[in-house]
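entry22.txt, holding compact mmCIF, C-alpha atoms:
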# COMPACT_ATOMS: atom_id res chain seq x y z
CA MET A 328 233.71 121.60 273.91
CA ARG A 329 233.84 124.09 276.78
CA GLU A 330 231.40 126.36 274.95
CA VAL A 331 229.12 123.45 274.02
CA LEU A 332 228.92 122.34 277.65
CA ALA A 333 228.34 125.89 278.90
CA GLN A 334 225.53 126.45 276.39
CA ALA A 335 223.88 123.13 277.23
CA ALA A 336 224.10 123.86 280.94
CA PHE A 337 222.67 127.35 280.65
CA GLN A 338 219.78 126.24 278.46
CA LEU A 339 218.83 123.64 281.05
CA PHE A 340 219.16 126.13 283.89
CA LEU A 341 216.70 128.42 282.13
CA GLU A 342 214.31 125.58 281.26
CA ARG A 343 214.31 123.58 284.51
CA GLY A 344 215.95 125.82 287.03
CA PHE A 345 219.46 125.61 288.38
CA GLU A 346 218.72 123.39 291.37
CA ARG A 347 216.75 120.83 289.33
CA THR A 348 219.45 120.45 286.68
CA THR A 349 222.11 117.80 287.26
CA VAL A 350 225.48 117.25 285.65
CA ASP A 351 224.04 114.11 284.04
CA ASP A 352 221.34 116.29 282.43
CA ILE A 353 223.97 118.64 281.08
CA VAL A 354 226.19 115.98 279.53
CA ALA A 355 223.16 114.24 278.04
CA ARG A 356 222.10 117.51 276.38
CA ALA A 357 225.65 118.12 275.13
CA GLY A 358 226.08 114.50 273.98
CA VAL A 359 229.27 113.83 275.95
CA GLY A 360 230.30 111.88 279.06
CA ARG A 361 230.61 113.09 282.66
CA ARG A 362 234.41 113.05 282.45
CA SER A 363 234.23 115.63 279.68
CA PHE A 364 232.20 117.96 281.87
CA PHE A 365 234.56 117.78 284.83
CA ARG A 366 237.55 118.23 282.57
CA TYR A 367 236.32 121.78 281.91
CA PHE A 368 234.19 122.65 284.94
CA PRO A 369 234.69 121.63 288.57
CA SER A 370 231.00 122.29 289.34
CA LYS A 371 227.65 123.41 287.93
CA GLU A 372 228.36 126.92 289.21
CA ASP A 373 231.48 127.17 287.08
CA ALA A 374 229.40 126.42 283.98
CA VAL A 375 227.38 129.60 284.63
CA PHE A 376 230.57 131.68 284.52
CA PRO A 377 232.63 130.00 281.81
CA ASP A 378 234.43 133.15 280.68
CA HIS A 379 235.84 134.52 283.92
CA GLU A 380 239.03 132.45 283.99
CA ARG A 381 240.00 133.76 280.58
CA CYS A 382 239.08 137.28 281.63
CA LEU A 383 241.20 137.06 284.78
CA ALA A 384 244.15 135.85 282.73
CA GLU A 385 243.71 138.73 280.28
CA MET A 386 243.50 141.24 283.15
CA THR A 387 246.68 139.86 284.72
CA GLU A 388 248.53 140.08 281.42
CA PHE A 389 247.29 143.63 280.84
CA LEU A 390 248.44 144.83 284.26
CA ALA A 391 251.85 143.20 283.87
CA ALA A 392 252.44 145.37 280.80
CA ALA A 393 250.85 148.54 282.22
CA ASP A 394 252.71 151.84 282.50
CA ASP A 395 253.94 152.59 286.03
CA GLY A 396 253.08 156.28 285.72
CA ASP A 397 249.33 155.99 286.35
CA PRO A 398 248.50 152.96 288.52
CA VAL A 399 244.92 154.10 289.23
CA GLY A 400 244.32 154.56 285.52
CA ALA A 401 245.80 151.14 284.82
CA VAL A 402 243.47 149.29 287.20
CA SER A 403 240.50 151.30 285.90
CA ASP A 404 241.34 150.24 282.34
CA ALA A 405 241.81 146.65 283.53
CA ALA A 406 238.27 146.68 284.95
CA ARG A 407 236.98 147.58 281.48
CA ILE A 408 238.21 144.18 280.26
CA VAL A 409 235.46 142.62 282.38
CA LEU A 410 232.93 145.08 280.98
CA ARG A 411 233.82 144.19 277.41
CA MET A 412 233.37 140.51 278.24
CA TYR A 413 229.80 141.17 279.38
CA ALA A 414 229.05 143.54 276.49
CA ALA A 415 230.22 140.99 273.90
CA ASP A 416 227.05 138.91 274.47
CA PRO A 417 224.31 141.11 275.96
CA GLU A 418 221.57 138.46 275.82
CA PHE A 419 223.61 135.86 277.68
CA SER A 420 224.87 138.44 280.19
CA VAL A 421 221.36 139.65 281.01
CA GLN A 422 220.03 136.08 281.36
CA ARG A 423 222.94 135.14 283.61
CA TYR A 424 222.37 138.23 285.75
CA ARG A 425 218.70 137.32 286.23
CA LEU A 426 219.53 133.70 287.00
CA THR A 427 222.17 134.74 289.51
CA ARG A 428 219.68 136.99 291.29
CA GLU A 429 217.33 134.01 291.72
CA VAL A 430 219.82 131.42 293.01
CA PRO A 431 221.57 132.18 296.33
CA GLY A 432 224.36 129.72 295.57
CA LEU A 433 225.18 131.53 292.34
CA ARG A 434 225.26 134.89 294.11
CA THR A 435 227.79 133.49 296.56
CA TYR A 436 229.86 132.10 293.70
CA GLU A 437 229.70 135.42 291.87
CA LEU A 438 231.01 137.23 294.97
CA SER A 439 234.00 134.89 295.04
CA VAL A 440 234.71 135.72 291.39
CA VAL A 441 234.45 139.45 292.06
CA ARG A 442 236.84 139.06 294.97
CA ARG A 443 239.40 137.45 292.68
CA TYR A 444 239.22 140.44 290.33
CA GLU A 445 239.63 142.78 293.29
CA GLN A 446 242.65 140.86 294.57
CA THR A 447 244.25 141.02 291.12
CA LEU A 448 243.85 144.80 291.00
CA ALA A 449 245.06 145.21 294.59
CA GLY A 450 248.12 143.09 293.87
CA HIS A 451 249.10 145.39 291.01
CA LEU A 452 248.63 148.48 293.18
CA ARG A 453 250.66 147.02 296.04
CA SER A 454 253.55 146.56 293.63
CA ARG A 455 253.39 150.32 292.99
CA PHE A 456 252.49 151.70 296.43
CA GLY A 457 254.26 149.17 298.66
CA ALA A 458 253.06 146.01 300.38
CA ASP A 459 253.11 147.40 303.93
CA GLY A 460 251.40 150.11 305.95
CA ASP A 461 249.51 152.83 304.13
CA GLY A 462 250.71 151.58 300.73
CA ALA A 463 248.93 148.25 301.21
CA LEU A 464 245.87 149.99 302.65
CA ARG A 465 245.72 152.41 299.72
CA ALA A 466 245.99 149.50 297.28
CA GLU A 467 243.10 147.60 298.91
CA VAL A 468 240.85 150.67 299.12
CA ILE A 469 241.46 151.76 295.53
CA ALA A 470 240.92 148.24 294.19
CA ALA A 471 237.64 147.97 296.10
CA SER A 472 236.59 151.40 294.78
CA VAL A 473 237.33 150.43 291.18
CA VAL A 474 235.38 147.16 291.48
CA ALA A 475 232.42 148.89 293.15
CA ALA A 476 232.34 151.64 290.50
CA HIS A 477 232.59 149.13 287.64
CA ASN A 478 229.87 146.89 289.08
CA ASN A 479 227.55 149.82 289.72
CA GLY A 480 227.66 150.85 286.06
CA LEU A 481 227.52 147.28 284.79
CA ARG A 482 224.44 146.41 286.87
CA LEU A 483 222.63 149.52 285.69
CA TRP A 484 223.08 148.21 282.16
CA LEU A 485 222.11 144.63 283.04
CA ARG A 486 218.96 145.78 284.85
CA SER A 487 217.98 147.74 281.76
CA GLY A 488 217.98 144.48 279.78
CA GLY A 489 221.28 145.27 278.05
CA GLU A 490 219.96 148.38 276.32
CA GLY A 491 222.33 151.12 275.24
CA ASP A 492 226.07 151.45 275.72
CA PRO A 493 227.28 149.98 279.02
CA GLU A 494 230.53 151.94 278.84
CA VAL A 495 228.75 155.24 279.50
CA ALA A 496 227.76 154.45 283.09
CA VAL A 497 230.97 152.53 283.83
CA ASP A 498 233.21 155.30 282.46
CA HIS A 499 231.34 157.87 284.57
CA ALA A 500 231.77 155.80 287.72
CA LEU A 501 235.44 155.05 287.08
CA ALA A 502 236.11 158.74 286.36
CA LEU A 503 234.94 159.52 289.90
CA VAL A 504 237.39 156.96 291.29
CA ARG A 505 240.28 158.37 289.28
CA ASP A 506 239.40 161.92 290.27
CA VAL A 507 239.64 161.02 293.95
CA TRP A 508 242.51 158.53 294.03
CA SER A 509 244.81 159.96 291.37
CA ARG A 510 245.52 162.94 293.64
CA PRO A 511 248.74 162.81 295.66
CA ALA A 512 248.28 161.56 299.21
CA ALA A 513 247.45 164.47 301.49
CA ALA A 514 249.65 165.34 304.42
CA PRO A 515 248.20 164.30 307.79
CA ALA A 516 245.89 166.92 309.21
CA VAL A 517 246.91 168.61 312.46
CA SER A 518 244.23 168.47 315.09
CA GLU A 519 242.84 171.77 316.25
CA ALA A 520 243.86 171.09 319.84
CA ALA A 521 247.46 170.40 318.85
CA ALA A 522 247.79 173.19 316.28
CA PRO A 523 249.98 176.02 317.56
CA ALA A 524 249.02 179.64 317.45
CA LEU A 525 250.63 181.70 314.74
CA SER A 526 252.98 184.56 315.59
CA LEU A 527 254.47 187.00 313.13
CA ALA A 528 257.08 189.68 313.84
CA VAL A 529 256.72 192.85 311.73
CA PRO A 530 258.68 196.12 311.72
CA GLY A 531 257.42 198.74 314.21
CA ASP A 532 257.48 202.52 314.12
CA GLY A 533 260.98 202.96 315.44
CA GLU A 534 260.27 201.54 318.89
CA GLY A 535 261.25 197.99 317.88
CA GLU A 536 259.36 195.08 316.32
CA VAL A 537 255.67 194.41 316.87
CA VAL A 538 254.54 190.85 317.50
CA VAL A 539 251.15 189.99 315.99
CA MET A 540 249.53 186.94 317.56
CA VAL A 541 246.77 184.84 315.96
CA ALA A 542 245.15 182.04 317.97
CA ARG A 543 242.09 179.87 317.44
CA LYS A 544 239.01 180.85 319.37
CA GLY A 545 238.83 178.81 322.55
CA ALA A 546 242.55 178.05 322.64
CA PRO A 547 243.79 177.55 326.24
CA MET A 548 245.33 180.70 327.71
CA TRP A 549 248.46 178.85 328.76
CA ARG A 550 249.08 177.93 325.11
CA VAL A 551 248.61 181.54 323.98
CA VAL A 552 251.01 182.79 326.66
CA GLN A 553 253.48 180.07 325.75
CA GLN A 554 253.47 181.15 322.11
CA ILE A 555 253.82 184.82 323.02
CA GLU A 556 256.82 184.06 325.22
CA ALA A 557 258.38 181.95 322.47
CA ALA A 558 257.84 184.69 319.86
CA VAL A 559 259.22 187.46 322.10
CA GLY A 560 262.18 185.34 323.07
CA GLU A 561 262.98 184.54 319.43
CA ASN A 562 262.70 188.16 318.33

So, in terms of structure tokens, how does the structure I just supplied come out?
Amino acid sequence: MREVLAQAAFQLFLERGFERTTVDDIVARAGVGRRSFFRYFPSKEDAVFPDHERCLAEMTEFLAAADDGDPVGAVSDAARIVLRMYAADPEFSVQRYRLTREVPGLRTYELSVVRRYEQTLAGHLRSRFGADGDGALRAEVIAASVVAAHNNGLRLWLRSGGEGDPEVAVDHALALVRDVWSRPAAAPAVSEAAAPALSLAVPGDGEGEVVVMVARKGAPMWRVVQQIEAAVGEN
């Protein structure tokens, strides 16, 4: 029944336009009552995206069973579940994309759906990186990067009319994300102003040790003198 209602709704949206189609029109086309419609869909907008709830559930289940060793890879693979949903019915996916571009209310609804995917990915990453501080920040940024990369490749395919293999562009985009975020977190950089000069004591020619001093160009003289004094005192 859910599929019957979704098909009836989408046909009417294409024929009459989204705004001019009512719930009564949809149930009349499907041959059911209004209660049947609202049992499956809270609104007309939900009928345009009938498969996302199932997809979200599948993504959640996938991440729950994912290997802890590669969290960025896990969320990238989870994003491909959404891609396969779109690729399973190219004609419907392309028509929905075009309809969504024409109706502001549907674009807003779509953004809310995308945000739910992003929150699901971020939740998985927080469980690996930590829920506070930089761990939470890293989780949010990586999740947003994965969603942006996935959507970039997916929309290239949708704008082409569903021609070719959508996984090519999406895999390329997700590979960029994994290349950046799978690296270990870098140590904080030391600012040039705070970085000390480098001193190195080496053996001399019998007259004692020689201290070689290396300082950045433009370093304050007091800092250079301070480092010299420290090196001489130590050696």

For A:Ala406, which residue out of A:Asp352, A:Asp461, A:Asp498, A:Glu429 is the nearest one, using all atoms listed in the file?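 The closest residue to A:Ala406 is A:Asp498.
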
Give me the residues of stretch 332-405 of chain A that have any atom at most 9 Å from an atom of stretch 467-490 of chain A; for each, the nearest atom pair and the distance in Å, rounded to one decimal. Use all atoms listed in the file, sort by chain and number, and format it as a tab-separated table.
residue	atom	partner	partner_atom	distance
A:Val399	CA	A:Ile469	CA	7.6
A:Val402	CA	A:Val473	CA	7.4
A:Ser403	CA	A:Val473	CA	6.2

Keeping only C-alpha atoms, write the selected residues as an mmCIF file, keeping the file's coordinate frame.
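Done, and the output landed in again_2.cif:
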data_model
loop_
_atom_site.group_PDB
_atom_site.id
_atom_site.type_symbol
_atom_site.label_atom_id
_atom_site.label_comp_id
_atom_site.auth_asym_id
_atom_site.auth_seq_id
_atom_site.Cartn_x
_atom_site.Cartn_y
_atom_site.Cartn_z
ATOM 1 C CA VAL A 399 244.920 154.100 289.230
ATOM 2 C CA VAL A 402 243.470 149.290 287.200
ATOM 3 C CA SER A 403 240.500 151.300 285.900
#

Choose the residue, out of A:Asp492, A:Asp506, A:Glu380, A:Asp351, that has the smallest atom-to-atom separation from A:Val441; count all atoms listed in the file. A:Glu380

Please define a box with edges along x, y and z of the file around all atoms of stretch 490-497 of chain A given in the file, extend it by 8 Å on each side, and return its centre and edge lengths in Å to one decimal, as JSON.
{"center_x": 225.5, "center_y": 151.8, "center_z": 279.5, "size_x": 27.0, "size_y": 22.9, "size_z": 24.6}

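Coordinates place atom CA of A:Ile353 at a distance of 5.2 Å from atom CA of A:Ala336.
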
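The two atoms in question, atom CA of A:Arg329 and atom CA of A:Phe419, are spaced 15.6 Å apart.
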
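Among the candidate residues A:Val409, A:Leu383, A:Leu390, A:Leu426, the one lying nearest to A:Phe340 is A:Leu426, with distances computed using all atoms listed in the file.
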
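Atom CA of A:Tyr444 sits 8.4 Å away from atom CA of A:Met386.
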
Anything within 10 Å of (251.7, 147.1, 296.0): list those residues as a PyMOL selection string, counting all atoms listed in the file and sticking to the file's coordinates. chain A and resi 448-459+462-467

Looking at A:Ala496, A:Leu438, A:Met328, A:Leu341, which one is nearest to A:Pro377, with distances taken over all atoms listed in the file?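 Closest candidate: A:Met328.
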
Given all atoms listed in the file as the basis, pick out the residue of A:Thr435, A:Phe389, A:Met412, A:Ala333 nearest to A:Phe365.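 Between A:Thr435, A:Phe389, A:Met412, A:Ala333, the residue approaching A:Phe365 most closely is A:Ala333.
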